[in-house]
$ cat coords.cif   # mmCIF, C-alpha atoms
data_model
#
loop_
_atom_site.label_atom_id
_atom_site.label_comp_id
_atom_site.auth_asym_id
_atom_site.auth_seq_id
_atom_site.Cartn_x
_atom_site.Cartn_y
_atom_site.Cartn_z
CA MET A 1167 125.87 164.82 10.42
CA THR A 1168 129.64 164.58 10.81
CA PRO A 1169 131.23 163.22 7.62
CA PHE A 1170 133.19 159.97 7.86
CA VAL A 1171 136.78 161.03 8.46
CA PHE A 1172 138.11 158.52 5.92
CA SER A 1173 135.48 159.15 3.23
CA ASN A 1174 137.95 160.66 0.76
CA LEU A 1175 140.65 158.01 1.22
CA PRO A 1176 141.12 154.86 -0.84
CA VAL A 1177 139.63 151.78 0.78
CA GLU A 1178 143.04 150.05 0.82
CA LEU A 1179 144.54 152.90 2.83
CA VAL A 1180 141.62 152.97 5.27
CA ARG A 1181 142.06 149.26 5.82
CA ASP A 1182 145.80 149.67 6.45
CA ILE A 1183 145.12 152.40 9.02
CA LEU A 1184 142.46 150.46 10.90
CA GLU A 1185 144.44 147.20 10.86
CA HIS A 1186 147.47 149.05 12.25
CA ALA A 1187 145.30 150.50 15.02
CA ALA A 1188 143.92 147.04 15.81
CA HIS A 1189 147.42 145.56 15.97
CA SER A 1190 148.57 148.36 18.29
CA ASP A 1191 145.88 148.02 20.95
CA ARG A 1192 143.58 145.13 21.77
CA ALA A 1193 140.83 147.36 23.20
CA THR A 1194 140.86 149.38 19.98
CA ALA A 1195 140.59 146.16 17.99
CA ARG A 1196 137.48 145.16 19.96
CA ASN A 1197 135.89 148.58 19.45
CA LEU A 1198 136.60 148.54 15.72
CA THR A 1199 134.63 145.32 15.30
CA LEU A 1200 131.54 147.36 16.26
CA VAL A 1201 131.98 150.03 13.57
CA SER A 1202 130.65 148.09 10.59
CA SER A 1203 130.60 144.63 9.08
CA SER A 1204 133.42 145.61 6.71
CA VAL A 1205 135.65 146.86 9.50
CA ARG A 1206 134.84 143.78 11.55
CA TYR A 1207 135.89 141.62 8.60
CA TRP A 1208 139.28 143.40 8.61
CA THR A 1209 139.92 143.43 12.33
CA ASP A 1210 138.43 140.16 13.58
CA PRO A 1211 141.41 138.08 12.38
CA ILE A 1212 143.75 140.39 14.32
CA LEU A 1213 141.64 140.12 17.46
CA TYR A 1214 141.59 136.32 17.27
CA HIS A 1215 145.24 135.80 16.27
CA THR A 1216 146.41 135.60 19.90
CA VAL A 1217 143.90 134.64 22.59
CA ILE A 1218 144.68 134.77 26.32
CA LEU A 1219 142.11 133.26 28.68
CA SER A 1220 143.14 133.94 32.27
CA SER A 1221 139.85 133.55 34.15
CA ALA A 1222 136.77 131.36 34.10
CA ARG A 1223 134.79 134.40 32.95
CA SER A 1224 137.00 135.08 29.93
CA LEU A 1225 137.03 131.37 29.08
CA ARG A 1226 133.24 131.16 29.07
CA ALA A 1227 132.93 134.41 27.10
CA PHE A 1228 135.34 133.20 24.43
CA ALA A 1229 133.61 129.82 24.19
CA ALA A 1230 130.31 131.65 23.67
CA ALA A 1231 131.85 134.01 21.09
CA ILE A 1232 133.31 131.28 18.90
CA ALA A 1233 130.02 129.40 18.97
CA ASN A 1234 128.70 132.18 16.72
CA LYS A 1235 131.68 132.12 14.34
CA PRO A 1236 132.14 129.88 11.31
CA ALA A 1237 134.15 126.81 12.27
CA ASP A 1238 136.72 127.54 9.58
CA PHE A 1239 137.32 131.03 10.95
CA VAL A 1240 138.12 129.83 14.46
CA ARG A 1241 140.19 126.89 13.24
CA THR A 1242 142.35 129.00 10.94
CA ARG A 1243 142.55 132.37 12.72
CA VAL A 1244 143.57 131.47 16.28
CA HIS A 1245 147.33 130.99 16.03
CA ASN A 1246 148.36 131.47 19.68
CA LEU A 1247 146.22 130.24 22.57
CA GLY A 1248 146.94 130.56 26.28
CA ILE A 1249 144.54 129.05 28.83
CA PHE A 1250 145.57 130.04 32.36
CA THR A 1251 142.47 129.14 34.34
CA VAL A 1252 141.59 125.82 35.94
CA GLY A 1253 138.21 125.60 34.28
CA PRO A 1254 135.48 124.95 33.58
CA ILE A 1255 137.06 121.87 32.00
CA GLN A 1256 134.16 121.49 29.58
CA SER A 1257 134.76 125.00 28.24
CA ILE A 1258 138.48 124.29 27.92
CA ASP A 1259 137.71 121.24 25.81
CA ARG A 1260 135.27 123.20 23.65
CA VAL A 1261 137.88 125.88 22.99
CA LEU A 1262 140.67 123.40 22.26
CA SER A 1263 138.45 121.46 19.88
CA ALA A 1264 137.49 124.63 17.99
CA CYS A 1265 141.01 126.08 17.80
CA ALA A 1266 142.51 123.12 15.95
CA GLY A 1267 144.88 125.31 13.92
CA VAL A 1268 146.69 126.79 16.91
CA GLN A 1269 150.47 126.93 16.49
CA SER A 1270 151.55 127.92 19.99
CA LEU A 1271 149.62 126.60 22.98
CA ALA A 1272 150.22 127.43 26.64
CA CYS A 1273 148.36 125.44 29.28
CA GLY A 1274 147.93 126.57 32.87
CA PHE A 1275 145.24 124.07 33.84
CA SER A 1276 145.63 120.57 35.25
CA LEU A 1277 146.40 118.26 32.33
CA PRO A 1278 145.62 115.04 34.27
CA SER A 1279 142.20 116.42 35.28
CA TYR A 1280 141.48 117.48 31.72
CA GLN A 1281 142.61 114.14 30.28
CA GLN A 1282 140.53 112.19 32.78
CA ALA A 1283 137.43 114.14 31.79
CA HIS A 1284 137.90 114.41 28.03
CA GLY A 1285 140.89 112.33 26.97
CA PRO A 1286 143.63 113.53 24.62
CA ALA A 1287 141.48 113.79 21.44
CA ALA A 1288 141.27 117.59 21.21
CA LEU A 1289 145.01 118.06 21.71
CA GLN A 1290 145.86 115.24 19.34
CA ALA A 1291 143.58 116.83 16.73
CA LEU A 1292 145.63 120.04 16.57
CA THR A 1293 146.73 120.20 12.94
CA LYS A 1294 150.07 122.01 13.13
CA PRO A 1295 151.18 122.89 16.65
CA ARG A 1296 154.78 124.11 16.86
CA GLU A 1297 155.09 125.09 20.52
CA GLN A 1298 153.48 123.83 23.68
CA HIS A 1299 154.09 125.17 27.18
CA PHE A 1300 152.85 123.20 30.18
CA LEU A 1301 153.06 125.78 32.95
CA GLY A 1302 152.43 125.80 36.70
CA THR A 1303 149.54 123.54 37.61
CA ALA A 1304 149.49 121.99 34.12
CA CYS A 1305 151.97 119.26 35.00
CA ARG A 1306 152.08 119.52 38.78
CA ASP A 1307 150.43 116.11 39.00
CA GLY A 1308 152.17 114.69 35.93
CA TRP A 1309 151.64 114.87 32.20
CA ASP A 1310 151.23 112.47 29.32
CA ALA A 1311 153.24 112.68 26.11
CA SER A 1312 150.06 111.91 24.18
CA LEU A 1313 148.95 115.47 25.02
CA VAL A 1314 151.83 116.89 22.97
CA GLY A 1315 151.20 117.31 19.25
CA THR A 1316 153.24 115.12 16.93
CA THR A 1317 154.51 118.21 15.09
CA VAL A 1318 155.64 120.09 18.20
CA THR A 1319 159.26 121.21 17.98
CA HIS A 1320 159.39 123.45 21.07
CA LEU A 1321 158.19 122.20 24.46
CA ARG A 1322 158.40 123.66 27.97
CA ILE A 1323 157.57 121.56 31.04
CA HIS A 1324 158.05 121.66 34.80
CA LEU A 1325 160.40 119.18 36.45
CA SER A 1326 159.05 117.97 39.78
CA SER A 1327 162.24 116.40 41.10
CA PHE A 1328 165.70 115.06 40.36
CA ASP A 1329 167.20 112.11 42.22
CA SER A 1330 170.83 111.31 41.36
CA SER A 1331 170.61 108.08 43.36
CA ARG A 1332 168.39 106.62 40.63
CA PRO A 1333 170.60 106.75 37.51
CA ASP A 1334 168.06 104.89 35.38
CA CYS A 1335 165.27 107.33 36.20
CA PRO A 1336 166.66 110.45 37.92
CA PHE A 1337 164.00 112.80 36.60
CA ALA A 1338 160.34 112.96 37.54
CA PHE A 1339 157.62 114.95 35.83
CA SER A 1340 155.05 113.82 38.33
CA ASP A 1341 154.83 112.53 41.87
CA GLY A 1342 154.66 108.95 40.64
CA ALA A 1343 157.53 106.50 40.53
CA GLY A 1344 159.07 104.48 37.74
CA ALA A 1345 160.09 105.13 34.18
CA GLU A 1346 156.69 106.55 33.23
CA ALA A 1347 157.42 109.54 35.46
CA GLY A 1348 160.73 110.37 33.79
CA TRP A 1349 162.51 110.85 30.47
CA ALA A 1350 160.85 107.75 29.01
CA ARG A 1351 157.79 109.79 28.07
CA LEU A 1352 159.95 112.15 25.99
CA LYS A 1353 160.84 109.31 23.63
CA ALA A 1354 157.37 109.67 22.15
CA LEU A 1355 158.29 113.15 20.90
CA PRO A 1356 160.90 112.60 18.16
CA THR A 1357 160.27 115.97 16.44
CA LEU A 1358 161.49 118.02 19.40
CA THR A 1359 164.30 120.47 18.64
CA HIS A 1360 163.92 122.72 21.71
CA LEU A 1361 163.13 121.59 25.25
CA ALA A 1362 162.76 123.92 28.23
CA ILE A 1363 162.68 122.60 31.78
CA VAL A 1364 161.53 124.69 34.72
CA TYR A 1365 163.61 123.32 37.59
CA ARG A 1366 163.95 124.08 41.30
CA PRO A 1367 167.24 122.69 42.76
CA SER A 1368 166.59 120.95 46.05
CA GLY A 1369 169.88 121.70 47.75
CA VAL A 1370 170.13 117.98 48.58
CA THR A 1371 171.71 117.03 45.25
CA ALA A 1372 174.56 119.03 43.75
CA PRO A 1373 173.07 121.19 40.95
CA ALA A 1374 175.72 120.10 38.42
CA ALA A 1375 174.62 116.45 38.72
CA ILE A 1376 171.77 117.16 36.34
CA ILE A 1377 174.01 118.05 33.38
CA PRO A 1378 175.26 114.56 32.33
CA HIS A 1379 171.71 113.22 32.37
CA ILE A 1380 170.39 116.05 30.20
CA ALA A 1381 173.32 115.64 27.79
CA ARG A 1382 172.16 112.05 27.13
CA LEU A 1383 169.13 113.45 25.32
CA PHE A 1384 171.15 114.83 22.41
CA PRO A 1385 171.44 112.74 19.25
CA SER A 1386 175.25 112.89 19.11
CA VAL A 1387 175.36 110.73 22.23
CA HIS A 1388 174.28 107.16 21.55
CA HIS A 1389 171.81 106.43 24.30
CA ASP A 1390 168.34 104.96 24.14
CA ASP A 1391 167.03 108.24 25.56
CA ALA A 1392 168.40 110.36 22.70
CA LEU A 1393 165.96 112.58 20.78
CA PRO A 1394 167.01 112.63 17.13
CA GLN A 1395 166.24 116.30 16.39
CA LEU A 1396 167.13 117.91 19.71
CA GLN A 1397 169.26 121.06 19.41
CA LEU A 1398 168.79 122.91 22.71
CA VAL A 1399 167.81 122.26 26.31
CA LEU A 1400 166.98 125.39 28.29
CA VAL A 1401 166.92 124.96 32.08
CA GLN A 1402 165.02 127.72 33.88
CA VAL A 1403 165.97 127.70 37.55
CA VAL A 1404 163.25 128.69 39.99
CA GLY A 1405 164.27 130.38 43.22
CA ALA A 1406 162.09 132.12 45.80
CA ARG A 1407 163.22 135.42 47.26
CA LYS A 1408 164.45 133.73 50.41
CA ASP A 1409 166.78 131.46 48.41
CA ALA A 1410 167.57 133.84 45.53
CA SER A 1411 171.28 133.64 46.19
CA PHE A 1412 171.18 129.84 46.01
CA ALA A 1413 169.34 130.00 42.68
CA THR A 1414 171.87 132.49 41.32
CA GLU A 1415 174.73 130.24 42.33
CA ALA A 1416 172.95 127.24 40.83
CA VAL A 1417 172.65 129.02 37.46
CA LYS A 1418 176.39 129.81 37.48
CA THR A 1419 177.33 126.30 38.56
CA LEU A 1420 175.14 124.58 35.97
CA ASN A 1421 176.40 126.71 33.08
CA ALA A 1422 180.00 126.15 34.18
CA ALA A 1423 179.38 122.40 34.36
CA ALA A 1424 177.87 122.38 30.86
CA ILE A 1425 180.89 124.20 29.43
CA ALA A 1426 183.32 121.95 31.29
CA ALA A 1427 181.57 118.80 30.06
CA GLY A 1428 181.73 120.01 26.46
CA GLY A 1429 180.26 118.04 23.56
CA PRO A 1430 176.46 117.88 23.61
CA ALA A 1431 176.37 119.57 27.02
CA LEU A 1432 177.36 122.83 25.32
CA ARG A 1433 173.77 122.90 24.10
CA VAL A 1434 172.44 122.97 27.68
CA VAL A 1435 171.82 126.58 28.73
CA VAL A 1436 170.73 127.60 32.21
CA GLU A 1437 169.02 130.85 33.20
CA HIS A 1438 166.79 132.22 35.93
CA ALA A 1439 163.15 131.33 35.46
CA PRO A 1440 160.97 134.35 34.62
CA LEU A 1441 158.74 135.76 37.34
CA SER A 1442 155.83 134.60 35.21
CA ALA A 1443 156.28 131.92 32.55
CA ALA A 1444 152.80 132.73 31.26
CA LYS A 1445 153.70 136.40 30.80
CA GLN A 1446 156.95 135.44 29.08
CA TRP A 1447 155.01 133.27 26.64
CA GLU A 1448 152.45 136.02 26.00
CA ASP A 1449 155.14 138.64 25.36
CA ALA A 1450 156.85 136.30 22.90
CA VAL A 1451 153.75 135.49 20.85
CA ARG A 1452 152.84 139.18 20.73
CA GLY A 1453 156.12 139.97 19.02
CA GLY A 1454 158.58 140.26 21.91
CA GLN A 1455 161.71 138.24 22.55
CA SER A 1456 161.26 134.53 22.09
CA VAL A 1457 161.64 132.21 25.06
CA TRP A 1458 164.49 130.60 23.12
CA ASP A 1459 166.38 133.56 21.61
CA ALA A 1460 168.87 134.22 24.40
CA ALA A 1461 169.66 130.53 24.89
CA GLU A 1462 170.20 130.00 21.16
CA ALA A 1463 172.68 132.90 21.16
CA VAL A 1464 174.56 131.32 24.07
CA VAL A 1465 174.81 127.99 22.22
CA GLN A 1466 176.13 129.70 19.10
CA SER A 1467 178.71 131.55 21.18
CA ARG A 1468 179.87 128.36 22.88
CA LEU A 1469 180.13 126.42 19.66
CA GLY A 1470 181.97 129.31 18.01
CA ALA A 1471 184.46 129.48 20.86
CA LYS A 1472 185.02 125.74 20.63
CA SER A 1473 185.76 125.84 16.89
CA SER A 1474 188.10 128.84 17.05
#
$ encode --input "coords.cif" --output "C-alpha coordinates"
Amino acid sequence: MTPFVFSNLPVELVRDILEHAAHSDRATARNLTLVSSSVRYWTDPILYHTVILSSARSLRAFAAAIANKPADFVRTRVHNLGIFTVGPIQSIDRVLSACAGVQSLACGFSLPSYQQAHGPAALQALTKPREQHFLGTACRDGWDASLVGTTVTHLRIHLSSFDSSRPDCPFAFSDGAGAEAGWARLKALPTLTHLAIVYRPSGVTAPAAIIPHIARLFPSVHHDDALPQLQLVLVQVVGARKDASFATEAVKTLNAAAIAAGGPALRVVVEHAPLSAAKQWEDAVRGGQSVWDAAEAVVQSRLGAKSS
(Lines of atoms letter the chains of each structure in order from A and count residues from 1; the text may use other names and numbers.)
(Lines give C-alpha, C1' and ligand atoms only; values in the text may rest on other atoms or scores of the structure.)
Protein backbone atom coordinates (compact mmCIF):
# COMPACT_ATOMS: atom_id res chain seq x y z
CA MET A 1 0.00 0.00 0.00
CA THR A 2 1.32 3.44 -0.89
CA PRO A 3 1.88 5.52 2.25
CA PHE A 4 -0.06 8.77 2.61
CA VAL A 5 2.21 11.44 1.19
CA PHE A 6 1.49 13.82 4.08
CA SER A 7 1.72 11.23 6.87
CA ASN A 8 4.85 12.74 8.42
CA LEU A 9 3.66 16.36 8.28
CA PRO A 10 1.87 18.27 11.02
CA VAL A 11 -1.89 18.36 10.57
CA GLU A 12 -1.87 22.19 10.47
CA LEU A 13 0.55 22.17 7.54
CA VAL A 14 -1.44 19.51 5.67
CA ARG A 15 -4.54 21.63 6.10
CA ASP A 16 -2.76 24.74 4.80
CA ILE A 17 -1.57 22.84 1.72
CA LEU A 18 -4.96 21.37 0.88
CA GLU A 19 -6.82 24.63 1.51
CA HIS A 20 -4.38 26.43 -0.79
CA ALA A 21 -4.98 23.81 -3.48
CA ALA A 22 -8.75 24.19 -3.06
CA HIS A 23 -8.51 27.97 -3.36
CA SER A 24 -6.39 27.66 -6.51
CA ASP A 25 -8.69 25.40 -8.51
CA ARG A 26 -12.39 24.71 -8.14
CA ALA A 27 -12.18 21.21 -9.67
CA THR A 28 -9.45 20.34 -7.18
CA ALA A 29 -11.64 21.62 -4.36
CA ARG A 30 -14.47 19.32 -5.47
CA ASN A 31 -12.13 16.32 -5.67
CA LEU A 32 -10.67 17.02 -2.24
CA THR A 33 -14.11 16.78 -0.64
CA LEU A 34 -14.06 13.08 -1.62
CA VAL A 35 -10.76 12.26 0.12
CA SER A 36 -12.03 12.02 3.69
CA SER A 37 -14.49 13.60 6.08
CA SER A 38 -11.68 15.67 7.62
CA VAL A 39 -10.53 17.03 4.28
CA ARG A 40 -14.13 17.72 3.30
CA TYR A 41 -14.55 19.69 6.53
CA TRP A 42 -11.57 21.86 5.50
CA THR A 43 -12.44 22.37 1.86
CA ASP A 44 -16.25 22.56 1.81
CA PRO A 45 -16.30 26.18 3.05
CA ILE A 46 -13.95 27.15 0.21
CA LEU A 47 -16.10 25.37 -2.36
CA TYR A 48 -19.26 27.10 -1.14
CA HIS A 49 -17.77 30.58 -0.61
CA THR A 50 -18.58 31.67 -4.19
CA VAL A 51 -21.34 29.86 -6.08
CA ILE A 52 -22.07 30.46 -9.78
CA LEU A 53 -25.21 28.85 -11.20
CA SER A 54 -25.33 29.41 -14.95
CA SER A 55 -27.69 26.65 -16.11
CA ALA A 56 -30.86 24.94 -14.97
CA ARG A 57 -28.81 21.79 -14.41
CA SER A 58 -26.32 23.46 -12.08
CA LEU A 59 -29.16 25.23 -10.25
CA ARG A 60 -30.99 21.97 -9.60
CA ALA A 61 -27.77 20.21 -8.57
CA PHE A 62 -26.89 22.94 -6.08
CA ALA A 63 -30.41 22.99 -4.65
CA ALA A 64 -30.16 19.22 -4.14
CA ALA A 65 -26.67 19.51 -2.58
CA ILE A 66 -27.64 22.10 0.01
CA ALA A 67 -30.68 20.07 0.97
CA ASN A 68 -28.21 17.63 2.55
CA LYS A 69 -26.21 20.32 4.36
CA PRO A 70 -26.92 21.81 7.78
CA ALA A 71 -28.93 25.00 7.40
CA ASP A 72 -26.34 26.97 9.34
CA PHE A 73 -23.57 25.86 6.99
CA VAL A 74 -25.35 27.08 3.86
CA ARG A 75 -26.53 30.30 5.50
CA THR A 76 -23.07 31.26 6.76
CA ARG A 77 -20.72 29.84 4.12
CA VAL A 78 -22.15 31.12 0.82
CA HIS A 79 -20.82 34.68 0.60
CA ASN A 80 -21.13 35.32 -3.15
CA LEU A 81 -24.02 33.96 -5.22
CA GLY A 82 -24.60 34.41 -8.94
CA ILE A 83 -27.73 32.96 -10.56
CA PHE A 84 -27.57 33.37 -14.34
CA THR A 85 -30.31 31.02 -15.49
CA VAL A 86 -34.00 31.77 -15.95
CA GLY A 87 -35.13 28.90 -13.79
CA PRO A 88 -36.67 26.79 -12.52
CA ILE A 89 -38.06 29.65 -10.42
CA GLN A 90 -38.89 27.28 -7.56
CA SER A 91 -35.24 26.20 -7.35
CA ILE A 92 -34.11 29.83 -7.44
CA ASP A 93 -36.34 30.59 -4.47
CA ARG A 94 -35.08 27.54 -2.59
CA VAL A 95 -31.47 28.61 -3.11
CA LEU A 96 -32.11 32.25 -2.17
CA SER A 97 -33.95 31.21 0.97
CA ALA A 98 -31.12 28.90 2.04
CA CYS A 99 -28.29 31.35 1.27
CA ALA A 100 -29.54 34.08 3.60
CA GLY A 101 -26.02 35.18 4.56
CA VAL A 102 -24.92 36.06 1.03
CA GLN A 103 -23.01 39.34 0.80
CA SER A 104 -22.81 39.80 -2.97
CA LEU A 105 -25.72 38.66 -5.14
CA ALA A 106 -25.91 38.77 -8.93
CA CYS A 107 -29.24 38.02 -10.60
CA GLY A 108 -29.61 37.07 -14.25
CA PHE A 109 -33.20 35.84 -14.06
CA SER A 110 -36.42 37.80 -14.49
CA LEU A 111 -37.11 39.59 -11.21
CA PRO A 112 -40.77 40.37 -12.04
CA SER A 113 -41.43 36.69 -12.84
CA TYR A 114 -39.73 35.61 -9.65
CA GLN A 115 -41.58 38.17 -7.54
CA GLN A 116 -44.92 37.22 -9.05
CA ALA A 117 -44.34 33.57 -8.16
CA HIS A 118 -42.71 33.91 -4.73
CA GLY A 119 -42.82 37.53 -3.63
CA PRO A 120 -39.85 39.43 -2.16
CA ALA A 121 -39.58 37.44 1.12
CA ALA A 122 -36.39 35.49 0.33
CA LEU A 123 -34.53 38.58 -0.87
CA GLN A 124 -35.77 40.67 2.03
CA ALA A 125 -34.61 37.95 4.42
CA LEU A 126 -30.95 38.27 3.37
CA THR A 127 -29.19 39.20 6.59
CA LYS A 128 -26.27 41.32 5.40
CA PRO A 129 -26.15 41.85 1.63
CA ARG A 130 -23.62 44.46 0.54
CA GLU A 131 -23.81 44.24 -3.25
CA GLN A 132 -26.58 43.36 -5.65
CA HIS A 133 -26.29 43.24 -9.43
CA PHE A 134 -29.44 43.02 -11.54
CA LEU A 135 -28.05 41.98 -14.91
CA GLY A 136 -29.50 41.37 -18.37
CA THR A 137 -32.96 39.84 -18.16
CA ALA A 138 -33.18 40.57 -14.42
CA CYS A 139 -34.67 44.02 -14.90
CA ARG A 140 -35.59 43.95 -18.57
CA ASP A 141 -39.26 44.08 -17.58
CA GLY A 142 -38.72 46.31 -14.56
CA TRP A 143 -37.62 45.81 -10.98
CA ASP A 144 -38.91 46.59 -7.52
CA ALA A 145 -36.83 48.32 -4.85
CA SER A 146 -38.27 45.88 -2.31
CA LEU A 147 -36.02 43.23 -3.91
CA VAL A 148 -32.92 45.14 -2.81
CA GLY A 149 -31.66 44.43 0.70
CA THR A 150 -31.88 47.28 3.19
CA THR A 151 -28.14 47.00 3.88
CA VAL A 152 -27.04 47.08 0.24
CA THR A 153 -24.45 49.76 -0.43
CA HIS A 154 -23.48 48.80 -4.00
CA LEU A 155 -26.13 48.28 -6.69
CA ARG A 156 -25.92 47.75 -10.45
CA ILE A 157 -29.02 47.95 -12.65
CA HIS A 158 -29.92 48.29 -16.32
CA LEU A 159 -31.49 51.50 -17.58
CA SER A 160 -34.15 50.83 -20.19
CA SER A 161 -34.50 54.36 -21.51
CA PHE A 162 -33.88 58.07 -20.98
CA ASP A 163 -36.29 60.74 -22.18
CA SER A 164 -35.10 64.33 -21.71
CA SER A 165 -38.55 65.62 -22.69
CA ARG A 166 -39.88 64.37 -19.34
CA PRO A 167 -37.82 66.30 -16.77
CA ASP A 168 -39.82 64.94 -13.83
CA CYS A 169 -39.25 61.33 -14.85
CA PRO A 170 -36.57 61.08 -17.55
CA PHE A 171 -35.33 57.65 -16.53
CA ALA A 172 -37.10 54.33 -16.89
CA PHE A 173 -36.08 51.02 -15.38
CA SER A 174 -38.95 49.24 -17.04
CA ASP A 175 -41.25 49.60 -20.01
CA GLY A 176 -43.94 51.14 -17.83
CA ALA A 177 -44.71 54.82 -17.51
CA GLY A 178 -44.85 57.15 -14.55
CA ALA A 179 -42.73 57.79 -11.51
CA GLU A 180 -42.73 54.14 -10.47
CA ALA A 181 -40.60 53.36 -13.52
CA GLY A 182 -37.92 55.92 -12.67
CA TRP A 183 -35.69 57.31 -9.95
CA ALA A 184 -38.56 57.31 -7.44
CA ARG A 185 -37.89 53.67 -6.63
CA LEU A 186 -34.29 54.50 -5.65
CA LYS A 187 -35.55 56.64 -2.77
CA ALA A 188 -36.30 53.42 -0.92
CA LEU A 189 -32.57 52.63 -0.83
CA PRO A 190 -31.03 55.22 1.51
CA THR A 191 -27.92 53.12 2.31
CA LEU A 192 -26.59 53.21 -1.26
CA THR A 193 -23.07 54.56 -1.65
CA HIS A 194 -22.31 53.14 -5.11
CA LEU A 195 -24.72 52.92 -8.04
CA ALA A 196 -23.87 51.48 -11.45
CA ILE A 197 -26.14 51.98 -14.44
CA VAL A 198 -25.82 49.96 -17.62
CA TYR A 199 -26.97 52.40 -20.30
CA ARG A 200 -27.36 52.31 -24.08
CA PRO A 201 -27.54 55.84 -25.60
CA SER A 202 -30.34 56.04 -28.14
CA GLY A 203 -28.80 58.58 -30.48
CA VAL A 204 -32.08 60.52 -30.28
CA THR A 205 -31.13 62.40 -27.11
CA ALA A 206 -27.73 64.01 -26.68
CA PRO A 207 -25.67 61.72 -24.39
CA ALA A 208 -24.63 64.61 -22.11
CA ALA A 209 -28.28 65.33 -21.22
CA ILE A 210 -28.18 62.50 -18.70
CA ILE A 211 -25.51 64.10 -16.49
CA PRO A 212 -27.57 66.85 -14.73
CA HIS A 213 -30.26 64.34 -13.84
CA ILE A 214 -27.77 61.87 -12.35
CA ALA A 215 -26.07 64.69 -10.41
CA ARG A 216 -29.39 65.34 -8.63
CA LEU A 217 -28.97 62.03 -6.81
CA PHE A 218 -26.00 63.20 -4.76
CA PRO A 219 -26.63 64.47 -1.22
CA SER A 220 -24.79 67.77 -1.73
CA VAL A 221 -27.54 68.85 -4.11
CA HIS A 222 -30.81 69.56 -2.31
CA HIS A 223 -33.37 67.67 -4.34
CA ASP A 224 -36.08 65.30 -3.23
CA ASP A 225 -34.35 62.59 -5.28
CA ALA A 226 -31.06 62.85 -3.36
CA LEU A 227 -29.66 59.68 -1.77
CA PRO A 228 -27.99 60.63 1.51
CA GLN A 229 -25.01 58.25 1.33
CA LEU A 230 -24.31 58.24 -2.41
CA GLN A 231 -20.64 58.66 -3.33
CA LEU A 232 -20.33 57.35 -6.88
CA VAL A 233 -22.45 56.74 -9.97
CA LEU A 234 -20.81 54.53 -12.58
CA VAL A 235 -22.39 54.63 -16.04
CA GLN A 236 -21.47 51.64 -18.21
CA VAL A 237 -22.24 52.45 -21.83
CA VAL A 238 -23.37 49.56 -23.99
CA GLY A 239 -22.52 49.63 -27.68
CA ALA A 240 -22.83 46.86 -30.26
CA ARG A 241 -20.02 46.31 -32.73
CA LYS A 242 -21.90 48.14 -35.45
CA ASP A 243 -22.15 51.29 -33.30
CA ALA A 244 -18.90 50.91 -31.34
CA SER A 245 -17.64 54.28 -32.50
CA PHE A 246 -20.83 55.97 -31.27
CA ALA A 247 -20.45 54.30 -27.86
CA THR A 248 -16.81 55.39 -27.66
CA GLU A 249 -17.77 58.96 -28.45
CA ALA A 250 -20.60 58.81 -25.92
CA VAL A 251 -18.17 57.75 -23.16
CA LYS A 252 -15.87 60.69 -23.98
CA THR A 253 -18.76 63.14 -24.20
CA LEU A 254 -20.34 62.04 -20.92
CA ASN A 255 -17.08 62.19 -18.97
CA ALA A 256 -16.33 65.62 -20.42
CA ALA A 257 -19.81 66.82 -19.46
CA ALA A 258 -19.37 65.53 -15.90
CA ILE A 259 -16.07 67.38 -15.52
CA ALA A 260 -17.48 70.55 -17.04
CA ALA A 261 -20.51 70.48 -14.74
CA GLY A 262 -18.29 70.11 -11.68
CA GLY A 263 -19.67 69.76 -8.16
CA PRO A 264 -21.49 66.47 -7.56
CA ALA A 265 -21.19 65.56 -11.25
CA LEU A 266 -17.47 64.94 -10.68
CA ARG A 267 -18.60 61.74 -8.99
CA VAL A 268 -20.26 60.49 -12.19
CA VAL A 269 -17.83 58.25 -14.08
CA VAL A 270 -18.54 56.77 -17.49
CA GLU A 271 -16.87 53.74 -19.06
CA HIS A 272 -17.56 51.09 -21.68
CA ALA A 273 -19.76 48.29 -20.41
CA PRO A 274 -17.91 44.96 -20.09
CA LEU A 275 -18.56 42.30 -22.71
CA SER A 276 -20.14 40.29 -19.91
CA ALA A 277 -21.35 41.97 -16.73
CA ALA A 278 -21.79 38.53 -15.18
CA LYS A 279 -18.16 37.62 -15.90
CA GLN A 280 -17.00 40.97 -14.51
CA TRP A 281 -18.90 40.29 -11.29
CA GLU A 282 -17.51 36.75 -11.04
CA ASP A 283 -13.92 37.91 -11.57
CA ALA A 284 -14.36 40.55 -8.87
CA VAL A 285 -15.75 38.21 -6.21
CA ARG A 286 -13.01 35.68 -6.97
CA GLY A 287 -10.36 38.24 -6.08
CA GLY A 288 -9.96 40.24 -9.29
CA GLN A 289 -10.49 43.95 -9.83
CA SER A 290 -13.66 45.28 -8.30
CA VAL A 291 -16.39 46.66 -10.54
CA TRP A 292 -15.88 49.96 -8.71
CA ASP A 293 -12.08 50.27 -8.39
CA ALA A 294 -11.32 52.14 -11.61
CA ALA A 295 -14.23 54.55 -11.19
CA GLU A 296 -13.26 55.31 -7.59
CA ALA A 297 -9.73 56.16 -8.77
CA VAL A 298 -11.16 58.53 -11.39
CA VAL A 299 -13.26 60.32 -8.77
CA GLN A 300 -10.26 60.73 -6.48
CA SER A 301 -8.23 62.13 -9.37
CA ARG A 302 -10.94 64.62 -10.29
CA LEU A 303 -11.44 65.78 -6.74
CA GLY A 304 -7.69 66.09 -6.26
CA ALA A 305 -7.35 68.18 -9.41
CA LYS A 306 -10.18 70.42 -8.25
CA SER A 307 -8.59 71.07 -4.84
CA SER A 308 -5.08 71.74 -6.19
$ residues_around --input "coords.cif" --residues "Ala1374 of chain A" --least-positions-apart "6" --cutoff "10 Å" --atoms "all atoms listed in the file" --output "list in words"
Pro1367, Ala1416, Val1417, Lys1418, Thr1419, Leu1420, Asn1421, Ala1422, Ala1423 and Ala1424 of chain A
$ residues_around --input "coords.cif" --residues "segment 1392-1403 of chain A" --least-positions-apart "5" --cutoff "6 Å" --atoms "only C-alpha atoms" --output "list in words"
Pro1356, Thr1357, Leu1358, Thr1359, His1360, Leu1361, Ala1362, Ile1363, Val1364, Tyr1365, Arg1366, Leu1383, Phe1384, Pro1385, Arg1433, Val1434, Val1435, Val1436, Glu1437, His1438 and Ala1439 of chain A
$ closest_residue --input "coords.cif" --among "A:Arg1243, A:Lys1445, A:Arg1468, A:Arg1306" --to "His1324 of chain A" --atoms "only C-alpha atoms"
A:Arg1306
$ resolve_selection --input "coords.cif" --expression "the PyMOL selection byres ((chain A and resi 1257) around 12)" --output "VMD selection string"
chain A and resid 1219 1221 to 1233 1249 1251 to 1256 1258 to 1264 1275 1280 1283 to 1284
$ residues_around --input "coords.cif" --residues "Glu1448 of chain A" --least-positions-apart "6" --cutoff "9 Å" --atoms "all atoms listed in the file" --output "PyMOL selection string"
chain A and resi 1216+1218+1246+1248+1272+1454
$ closest_residue --input "coords.cif" --among "A:Gln1281, A:Ser1456, A:Thr1242, A:Ser1467" --to "Leu1432 of chain A" --atoms "all atoms listed in the file"
A:Ser1467
$ closest_residue --input "coords.cif" --among "A:Gln1446, A:Gln1269, A:Ser1411, A:Gln1455" --to "Arg1241 of chain A" --atoms "only C-alpha atoms"
A:Gln1269
$ closest_residue --input "coords.cif" --among "A:Asp1238, A:Asp1210, A:Glu1297, A:Glu1462" --to "Ala1450 of chain A" --atoms "only C-alpha atoms"
A:Glu1297
$ atom_distance --input "coords.cif" --atom1 "atom CA of Pro1211 of chain A" --atom2 "atom CA of Pro1286 of chain A"
27.5 Å
